[in-house]
$ cat entry-v2.cif   # mmCIF, C-alpha atoms
data_coords
#
loop_
_atom_site.group_PDB
_atom_site.id
_atom_site.type_symbol
_atom_site.label_atom_id
_atom_site.label_comp_id
_atom_site.auth_asym_id
_atom_site.auth_seq_id
_atom_site.Cartn_x
_atom_site.Cartn_y
_atom_site.Cartn_z
ATOM 1 C CA MET A 25 58.429 125.811 -53.678
ATOM 2 C CA THR A 26 58.367 129.432 -54.684
ATOM 3 C CA LYS A 27 55.343 131.576 -53.869
ATOM 4 C CA ALA A 28 52.919 131.858 -56.796
ATOM 5 C CA ALA A 29 53.568 134.821 -59.072
ATOM 6 C CA ALA A 30 51.010 137.152 -60.574
ATOM 7 C CA PRO A 31 49.813 135.925 -63.991
ATOM 8 C CA GLU A 32 51.248 139.009 -65.709
ATOM 9 C CA LEU A 33 54.683 138.400 -64.195
ATOM 10 C CA THR A 34 54.539 134.715 -65.080
ATOM 11 C CA ALA A 35 53.601 135.603 -68.659
ATOM 12 C CA GLU A 36 56.449 138.105 -68.871
ATOM 13 C CA ILE A 37 58.908 135.508 -67.542
ATOM 14 C CA MET A 38 57.641 132.885 -70.013
ATOM 15 C CA ILE A 39 58.025 135.314 -72.915
ATOM 16 C CA SER A 40 61.532 136.187 -71.746
ATOM 17 C CA LEU A 41 62.443 132.494 -71.433
ATOM 18 C CA SER A 42 61.322 131.915 -75.019
ATOM 19 C CA ASP A 43 63.737 134.578 -76.276
ATOM 20 C CA VAL A 44 66.702 132.552 -77.482
ATOM 21 C CA HIS A 45 68.973 135.578 -77.172
ATOM 22 C CA ARG A 46 68.638 135.736 -73.379
ATOM 23 C CA ASP A 47 71.754 134.555 -71.590
ATOM 24 C CA THR A 48 70.913 133.669 -68.020
ATOM 25 C CA ILE A 49 68.131 133.081 -65.526
ATOM 26 C CA ALA A 50 69.591 135.932 -63.457
ATOM 27 C CA GLN A 51 69.348 138.338 -66.418
ATOM 28 C CA ILE A 52 65.705 137.384 -67.051
ATOM 29 C CA ALA A 53 64.876 137.713 -63.330
ATOM 30 C CA GLU A 54 66.462 141.160 -63.205
ATOM 31 C CA ASP A 55 64.715 142.336 -66.377
ATOM 32 C CA CYS A 56 61.313 141.084 -65.154
ATOM 33 C CA GLY A 57 61.770 142.160 -61.548
ATOM 34 C CA ALA A 58 61.298 138.590 -60.307
ATOM 35 C CA ALA A 59 63.243 136.311 -58.012
ATOM 36 C CA PRO A 60 65.755 134.083 -59.818
ATOM 37 C CA GLY A 61 64.233 131.051 -58.070
ATOM 38 C CA LEU A 62 60.839 131.815 -59.599
ATOM 39 C CA VAL A 63 62.312 132.203 -63.079
ATOM 40 C CA SER A 64 64.253 128.974 -62.635
ATOM 41 C CA GLU A 65 61.134 127.111 -61.472
ATOM 42 C CA ILE A 66 59.082 128.341 -64.426
ATOM 43 C CA SER A 67 61.934 127.435 -66.782
ATOM 44 C CA THR A 68 62.121 123.923 -65.325
ATOM 45 C CA ARG A 69 58.364 123.419 -65.592
ATOM 46 C CA LEU A 70 58.309 124.626 -69.192
ATOM 47 C CA ALA A 71 61.233 122.408 -70.120
ATOM 48 C CA ARG A 72 59.579 119.382 -68.497
ATOM 49 C CA LYS A 73 56.197 120.081 -70.110
ATOM 50 C CA PHE A 74 57.532 120.669 -73.609
ATOM 51 C CA GLN A 75 60.381 118.108 -73.643
ATOM 52 C CA PRO A 76 58.316 115.467 -75.526
ATOM 53 C CA LEU A 77 57.445 118.064 -78.172
ATOM 54 C CA SER A 78 61.063 119.184 -78.383
ATOM 55 C CA ASP A 79 62.222 115.565 -78.762
ATOM 56 C CA ALA A 80 59.646 114.939 -81.508
ATOM 57 C CA LEU A 81 60.702 118.085 -83.381
ATOM 58 C CA THR A 82 64.357 117.051 -83.102
ATOM 59 C CA GLN A 83 63.524 113.638 -84.574
ATOM 60 C CA ILE A 84 61.625 115.266 -87.438
ATOM 61 C CA GLU A 85 64.489 117.681 -88.024
ATOM 62 C CA ASP A 86 67.040 114.832 -87.968
ATOM 63 C CA ALA A 87 64.945 112.819 -90.417
ATOM 64 C CA SER A 88 64.524 115.868 -92.647
ATOM 65 C CA MET A 89 68.249 116.510 -92.616
ATOM 66 C CA ALA A 90 68.947 112.866 -93.446
ATOM 67 C CA ASP A 91 66.527 113.127 -96.382
ATOM 68 C CA LEU A 92 68.180 116.372 -97.483
ATOM 69 C CA TYR A 93 71.661 114.800 -97.333
ATOM 70 C CA LEU A 94 70.443 111.827 -99.346
ATOM 71 C CA ALA A 95 68.818 114.059 -101.961
ATOM 72 C CA GLN A 96 71.913 116.234 -102.269
ATOM 73 C CA SER A 97 74.235 113.228 -102.547
ATOM 74 C CA ARG A 98 72.013 111.831 -105.322
ATOM 75 C CA ARG A 99 72.065 115.171 -107.136
ATOM 76 C CA VAL A 100 75.842 115.326 -106.966
ATOM 77 C CA ALA A 101 76.260 111.701 -108.060
ATOM 78 C CA LEU A 102 73.864 112.187 -110.982
ATOM 79 C CA ALA A 103 75.522 115.471 -111.971
ATOM 80 C CA VAL A 104 78.901 113.819 -112.474
ATOM 81 C CA THR A 105 79.299 113.152 -116.157
ATOM 82 C CA ASP A 106 81.717 110.937 -118.039
ATOM 83 C CA ALA A 107 83.562 114.101 -119.057
ATOM 84 C CA ASP A 108 83.932 115.052 -115.368
ATOM 85 C CA ILE A 109 85.369 111.634 -114.596
ATOM 86 C CA GLU A 110 87.775 111.893 -117.529
ATOM 87 C CA LYS A 111 89.001 115.320 -116.320
ATOM 88 C CA ALA A 112 89.517 114.157 -112.723
ATOM 89 C CA GLY A 113 92.970 113.241 -111.551
ATOM 90 C CA LEU A 114 93.929 109.733 -110.489
ATOM 91 C CA LYS A 115 93.776 110.613 -106.773
ATOM 92 C CA GLU A 116 90.257 112.065 -107.107
ATOM 93 C CA LYS A 117 89.081 109.029 -109.081
ATOM 94 C CA ALA A 118 90.530 106.614 -106.517
ATOM 95 C CA ILE A 119 88.938 108.440 -103.577
ATOM 96 C CA ALA A 120 85.534 108.705 -105.266
ATOM 97 C CA SER A 121 85.648 105.057 -106.305
ATOM 98 C CA ALA A 122 86.523 103.922 -102.759
ATOM 99 C CA VAL A 123 83.785 106.058 -101.191
ATOM 100 C CA PHE A 124 81.135 104.866 -103.653
ATOM 101 C CA PHE A 125 82.219 101.231 -103.211
ATOM 102 C CA ASP A 126 82.104 101.492 -99.400
ATOM 103 C CA LYS A 127 78.632 103.052 -99.563
ATOM 104 C CA HIS A 128 77.540 100.237 -101.910
ATOM 105 C CA LEU A 129 78.785 97.597 -99.438
ATOM 106 C CA LEU A 130 77.133 99.412 -96.538
ATOM 107 C CA ALA A 131 73.803 99.651 -98.376
ATOM 108 C CA LYS A 132 73.978 95.918 -99.116
ATOM 109 C CA GLY A 133 74.658 95.131 -95.439
ATOM 110 C CA GLN A 134 78.152 93.839 -96.179
ATOM 111 C CA PRO A 135 81.272 94.615 -94.149
ATOM 112 C CA THR A 136 83.240 97.678 -95.178
ATOM 113 C CA VAL A 137 86.375 96.687 -93.269
ATOM 114 C CA ILE A 138 88.453 93.613 -93.943
ATOM 115 C CA LEU A 139 90.617 92.404 -91.059
ATOM 116 C CA SER A 140 93.969 90.739 -91.522
ATOM 117 C CA VAL A 141 94.689 87.273 -90.108
ATOM 118 C CA PRO A 142 96.751 88.673 -87.183
ATOM 119 C CA GLN A 143 93.919 91.103 -86.346
ATOM 120 C CA LEU A 144 91.402 88.240 -86.368
ATOM 121 C CA GLU A 145 93.699 86.146 -84.149
ATOM 122 C CA ASN A 146 93.983 89.042 -81.673
ATOM 123 C CA LEU A 147 90.198 89.412 -81.632
ATOM 124 C CA ASP A 148 89.808 85.665 -81.013
ATOM 125 C CA LYS A 149 92.234 85.878 -78.057
ATOM 126 C CA LEU A 150 90.416 88.925 -76.666
ATOM 127 C CA PHE A 151 87.059 87.224 -77.037
ATOM 128 C CA GLY A 152 88.385 84.173 -75.174
ATOM 129 C CA LEU A 153 89.565 86.405 -72.315
ATOM 130 C CA LEU A 154 86.195 88.147 -72.223
ATOM 131 C CA GLN A 155 84.399 84.783 -72.105
ATOM 132 C CA ASP A 156 86.628 83.668 -69.202
ATOM 133 C CA GLU A 157 85.884 86.898 -67.317
ATOM 134 C CA ARG A 158 82.165 86.500 -68.032
ATOM 135 C CA LYS A 159 82.198 83.014 -66.523
ATOM 136 C CA HIS A 160 84.292 84.194 -63.557
ATOM 137 C CA ARG A 161 81.735 86.923 -62.780
ATOM 138 C CA GLY A 162 78.806 84.545 -63.080
ATOM 139 C CA PHE A 163 77.233 85.959 -66.218
ATOM 140 C CA SER A 164 74.846 83.868 -68.263
ATOM 141 C CA GLU A 165 72.994 84.770 -71.413
ATOM 142 C CA SER A 166 69.550 84.176 -72.766
ATOM 143 C CA ILE A 167 68.538 84.531 -76.388
ATOM 144 C CA ASN A 168 65.087 85.589 -77.534
ATOM 145 C CA GLU A 169 64.659 83.608 -80.738
ATOM 146 C CA ASP A 170 61.854 85.888 -81.968
ATOM 147 C CA THR A 171 63.853 89.114 -81.761
ATOM 148 C CA ASP A 172 67.458 87.800 -81.861
ATOM 149 C CA VAL A 173 68.177 89.834 -78.718
ATOM 150 C CA VAL A 174 70.838 88.430 -76.407
ATOM 151 C CA THR A 175 70.418 89.371 -72.752
ATOM 152 C CA LEU A 176 73.401 89.034 -70.437
ATOM 153 C CA ASN A 177 72.327 88.182 -66.872
ATOM 154 C CA THR A 178 74.352 88.225 -63.683
ATOM 155 C CA GLY A 179 73.998 85.909 -60.762
ATOM 156 C CA GLY A 180 74.719 88.881 -58.530
ATOM 157 C CA PRO A 181 77.979 90.588 -57.720
ATOM 158 C CA VAL A 182 81.063 88.383 -57.347
ATOM 159 C CA GLY A 183 83.379 89.489 -54.567
ATOM 160 C CA HIS A 184 83.643 93.265 -54.682
ATOM 161 C CA HIS A 185 82.499 93.510 -58.319
ATOM 162 C CA LYS A 186 79.121 95.063 -58.994
ATOM 163 C CA ALA A 187 77.594 94.607 -62.433
ATOM 164 C CA ASP A 188 74.433 95.828 -64.115
ATOM 165 C CA PRO A 189 71.620 93.245 -63.801
ATOM 166 C CA THR A 190 71.266 92.923 -67.580
ATOM 167 C CA MET A 191 72.877 94.124 -70.765
ATOM 168 C CA SER A 192 71.167 93.724 -74.129
ATOM 169 C CA TRP A 193 72.269 93.818 -77.742
ATOM 170 C CA SER A 194 69.596 94.545 -80.302
ATOM 171 C CA ASP A 195 71.889 94.312 -83.329
ATOM 172 C CA PRO A 196 72.717 90.683 -84.158
ATOM 173 C CA GLU A 197 76.155 91.819 -85.423
ATOM 174 C CA ASP A 198 76.988 93.181 -81.955
ATOM 175 C CA GLN A 199 75.983 90.006 -80.121
ATOM 176 C CA PRO A 200 78.636 87.857 -78.463
ATOM 177 C CA ARG A 201 79.090 84.465 -80.094
#
$ encode --input "entry-v2.cif" --output "structure tokens"
Amino acid sequence: MTKAAAPELTAEIMISLSDVHRDTIAQIAEDCGAAPGLVSEISTRLARKFQPLSDALTQIEDASMADLYLAQSRRVALAVTDADIEKAGLKEKAIASAVFFDKHLLAKGQPTVILSVPQLENLDKLFGLLQDERKHRGFSESINEDTDVVTLNTGGPVGHHKADPTMSWSDPEDQPR
């Protein structure tokens, strides 16, 4: 632990750390006349103390951006007139139609990708191999009927294999069948 710094020095370091244009701990330490270890310790404490606030602000910013993207996409979609569609080339019409149709399917919770029969057969084979490996390693699953969460449990490591004690899927579409 670094020796306590004078309040004025600590305040100067904190102000310097808040300057987004500063490059390094060493530069701040040199500018403030403090040991780099002290600056690093104060930086770590500030980061730890304000991380929940930073995370909350990031979530708000992400949500705001998502709302902005949605609003802008609505504006663009509503701004397209029949005359605009008539003027567009075949390629532009096909691309726009495909994008809008995919977004429609996605909003309705329907699949946006259709697999061919050979692709489905390959997935069935792969799933069978995964099931065999699961049994070989001693995995079992439990299903919470209230939440539709499947939890994969291990009976402990088999041979030299080490597995995580549990794995969970919260999306029913991602759950093994």
$ closest_residue --input "entry-v2.cif" --among "A:Asn177, A:Gly57, A:Ser140, A:Lys127" --to "Lys159 of chain A" --atoms "all atoms listed in the file"
A:Asn177
$ closest_residue --input "entry-v2.cif" --among "A:Ala50, A:Ile138, A:Ala120, A:Ile66" --to "Glu36 of chain A" --atoms "all atoms listed in the file"
A:Ile66
$ atom_distance --input "entry-v2.cif" --atom1 "atom CA of Thr68 of chain A" --atom2 "atom CA of Ile37 of chain A"
12.2 Å
$ closest_residue --input "entry-v2.cif" --among "A:Val123, A:Glu169, A:Ser40, A:Thr48" --to "Pro60 of chain A" --atoms "all atoms listed in the file"
A:Thr48
$ atom_distance --input "entry-v2.cif" --atom1 "atom CA of Ala58 of chain A" --atom2 "atom CA of Ser78 of chain A"
26.5 Å
$ residues_around --input "entry-v2.cif" --residues "Gln134 of chain A" --least-positions-apart "6" --cutoff "12 Å" --atoms "all atoms listed in the file" --output "CSV table (one decimal) with C-alpha atoms, in the coordinates of the input"
chain,number,residue,atom,x,y,z
A,125,PHE,CA,82.2,101.2,-103.2
A,126,ASP,CA,82.1,101.5,-99.4
A,127,LYS,CA,78.6,103.1,-99.6
A,128,HIS,CA,77.5,100.2,-101.9
A,197,GLU,CA,76.2,91.8,-85.4
$ atom_distance --input "entry-v2.cif" --atom1 "atom CA of Thr34 of chain A" --atom2 "atom CA of Thr82 of chain A"
27.1 Å
$ build_atoms --input "entry-v2.cif" --residues "segment 90-115 of chain A" --atoms "N, CA and C atoms" --output "PDB file, keeping the file's coordinate frame"
ATOM      1  N   ALA A  90      68.480 114.096 -92.809  1.00  0.00           N
ATOM      2  CA  ALA A  90      68.947 112.866 -93.446  1.00  0.00           C
ATOM      3  C   ALA A  90      68.398 112.785 -94.869  1.00  0.00           C
ATOM      4  N   ASP A  91      67.120 113.130 -95.037  1.00  0.00           N
ATOM      5  CA  ASP A  91      66.527 113.127 -96.382  1.00  0.00           C
ATOM      6  C   ASP A  91      67.211 114.159 -97.279  1.00  0.00           C
ATOM      7  N   LEU A  92      67.509 115.328 -96.726  1.00  0.00           N
ATOM      8  CA  LEU A  92      68.180 116.372 -97.483  1.00  0.00           C
ATOM      9  C   LEU A  92      69.570 115.909 -97.923  1.00  0.00           C
ATOM     10  N   TYR A  93      70.323 115.299 -96.991  1.00  0.00           N
ATOM     11  CA  TYR A  93      71.661 114.800 -97.333  1.00  0.00           C
ATOM     12  C   TYR A  93      71.586 113.751 -98.440  1.00  0.00           C
ATOM     13  N   LEU A  94      70.606 112.861 -98.324  1.00  0.00           N
ATOM     14  CA  LEU A  94      70.443 111.827 -99.346  1.00  0.00           C
ATOM     15  C   LEU A  94      70.115 112.458-100.697  1.00  0.00           C
ATOM     16  N   ALA A  95      69.194 113.405-100.709  1.00  0.00           N
ATOM     17  CA  ALA A  95      68.818 114.059-101.961  1.00  0.00           C
ATOM     18  C   ALA A  95      70.008 114.797-102.579  1.00  0.00           C
ATOM     19  N   GLN A  96      70.760 115.496-101.748  1.00  0.00           N
ATOM     20  CA  GLN A  96      71.913 116.234-102.269  1.00  0.00           C
ATOM     21  C   GLN A  96      72.992 115.285-102.778  1.00  0.00           C
ATOM     22  N   SER A  97      73.217 114.177-102.075  1.00  0.00           N
ATOM     23  CA  SER A  97      74.235 113.228-102.547  1.00  0.00           C
ATOM     24  C   SER A  97      73.807 112.604-103.870  1.00  0.00           C
ATOM     25  N   ARG A  98      72.513 112.347-104.036  1.00  0.00           N
ATOM     26  CA  ARG A  98      72.013 111.831-105.322  1.00  0.00           C
ATOM     27  C   ARG A  98      72.213 112.856-106.429  1.00  0.00           C
ATOM     28  N   ARG A  99      71.887 114.124-106.130  1.00  0.00           N
ATOM     29  CA  ARG A  99      72.065 115.171-107.136  1.00  0.00           C
ATOM     30  C   ARG A  99      73.517 115.253-107.590  1.00  0.00           C
ATOM     31  N   VAL A 100      74.425 115.231-106.621  1.00  0.00           N
ATOM     32  CA  VAL A 100      75.842 115.326-106.966  1.00  0.00           C
ATOM     33  C   VAL A 100      76.268 114.107-107.780  1.00  0.00           C
ATOM     34  N   ALA A 101      75.876 112.919-107.336  1.00  0.00           N
ATOM     35  CA  ALA A 101      76.260 111.701-108.060  1.00  0.00           C
ATOM     36  C   ALA A 101      75.705 111.710-109.479  1.00  0.00           C
ATOM     37  N   LEU A 102      74.467 112.157-109.642  1.00  0.00           N
ATOM     38  CA  LEU A 102      73.864 112.187-110.982  1.00  0.00           C
ATOM     39  C   LEU A 102      74.440 113.307-111.848  1.00  0.00           C
ATOM     40  N   ALA A 103      74.964 114.349-111.219  1.00  0.00           N
ATOM     41  CA  ALA A 103      75.522 115.471-111.971  1.00  0.00           C
ATOM     42  C   ALA A 103      76.904 115.166-112.536  1.00  0.00           C
ATOM     43  N   VAL A 104      77.568 114.170-111.989  1.00  0.00           N
ATOM     44  CA  VAL A 104      78.901 113.819-112.474  1.00  0.00           C
ATOM     45  C   VAL A 104      78.760 113.122-113.824  1.00  0.00           C
ATOM     46  N   THR A 105      79.381 113.705-114.803  1.00  0.00           N
ATOM     47  CA  THR A 105      79.299 113.152-116.157  1.00  0.00           C
ATOM     48  C   THR A 105      80.565 112.368-116.481  1.00  0.00           C
ATOM     49  N   ASP A 106      80.520 111.650-117.587  1.00  0.00           N
ATOM     50  CA  ASP A 106      81.717 110.937-118.039  1.00  0.00           C
ATOM     51  C   ASP A 106      82.862 111.909-118.292  1.00  0.00           C
ATOM     52  N   ALA A 107      82.529 113.084-118.810  1.00  0.00           N
ATOM     53  CA  ALA A 107      83.562 114.101-119.057  1.00  0.00           C
ATOM     54  C   ALA A 107      84.206 114.540-117.738  1.00  0.00           C
ATOM     55  N   ASP A 108      83.390 114.685-116.683  1.00  0.00           N
ATOM     56  CA  ASP A 108      83.932 115.052-115.368  1.00  0.00           C
ATOM     57  C   ASP A 108      84.891 113.985-114.863  1.00  0.00           C
ATOM     58  N   ILE A 109      84.519 112.740-115.050  1.00  0.00           N
ATOM     59  CA  ILE A 109      85.369 111.634-114.596  1.00  0.00           C
ATOM     60  C   ILE A 109      86.670 111.626-115.393  1.00  0.00           C
ATOM     61  N   GLU A 110      86.578 111.862-116.685  1.00  0.00           N
ATOM     62  CA  GLU A 110      87.775 111.893-117.529  1.00  0.00           C
ATOM     63  C   GLU A 110      88.723 113.011-117.104  1.00  0.00           C
ATOM     64  N   LYS A 111      88.177 114.180-116.712  1.00  0.00           N
ATOM     65  CA  LYS A 111      89.001 115.320-116.320  1.00  0.00           C
ATOM     66  C   LYS A 111      89.634 115.134-114.940  1.00  0.00           C
ATOM     67  N   ALA A 112      89.035 114.307-114.104  1.00  0.00           N
ATOM     68  CA  ALA A 112      89.517 114.157-112.723  1.00  0.00           C
ATOM     69  C   ALA A 112      90.885 113.486-112.710  1.00  0.00           C
ATOM     70  N   GLY A 113      91.662 113.854-111.720  1.00  0.00           N
ATOM     71  CA  GLY A 113      92.970 113.241-111.551  1.00  0.00           C
ATOM     72  C   GLY A 113      92.844 111.844-110.958  1.00  0.00           C
ATOM     73  N   LEU A 114      93.928 111.103-110.995  1.00  0.00           N
ATOM     74  CA  LEU A 114      93.929 109.733-110.489  1.00  0.00           C
ATOM     75  C   LEU A 114      93.543 109.678-109.012  1.00  0.00           C
ATOM     76  N   LYS A 115      94.072 110.595-108.212  1.00  0.00           N
ATOM     77  CA  LYS A 115      93.776 110.613-106.773  1.00  0.00           C
ATOM     78  C   LYS A 115      92.275 110.836-106.535  1.00  0.00           C
TER      79      LYS A 115
END
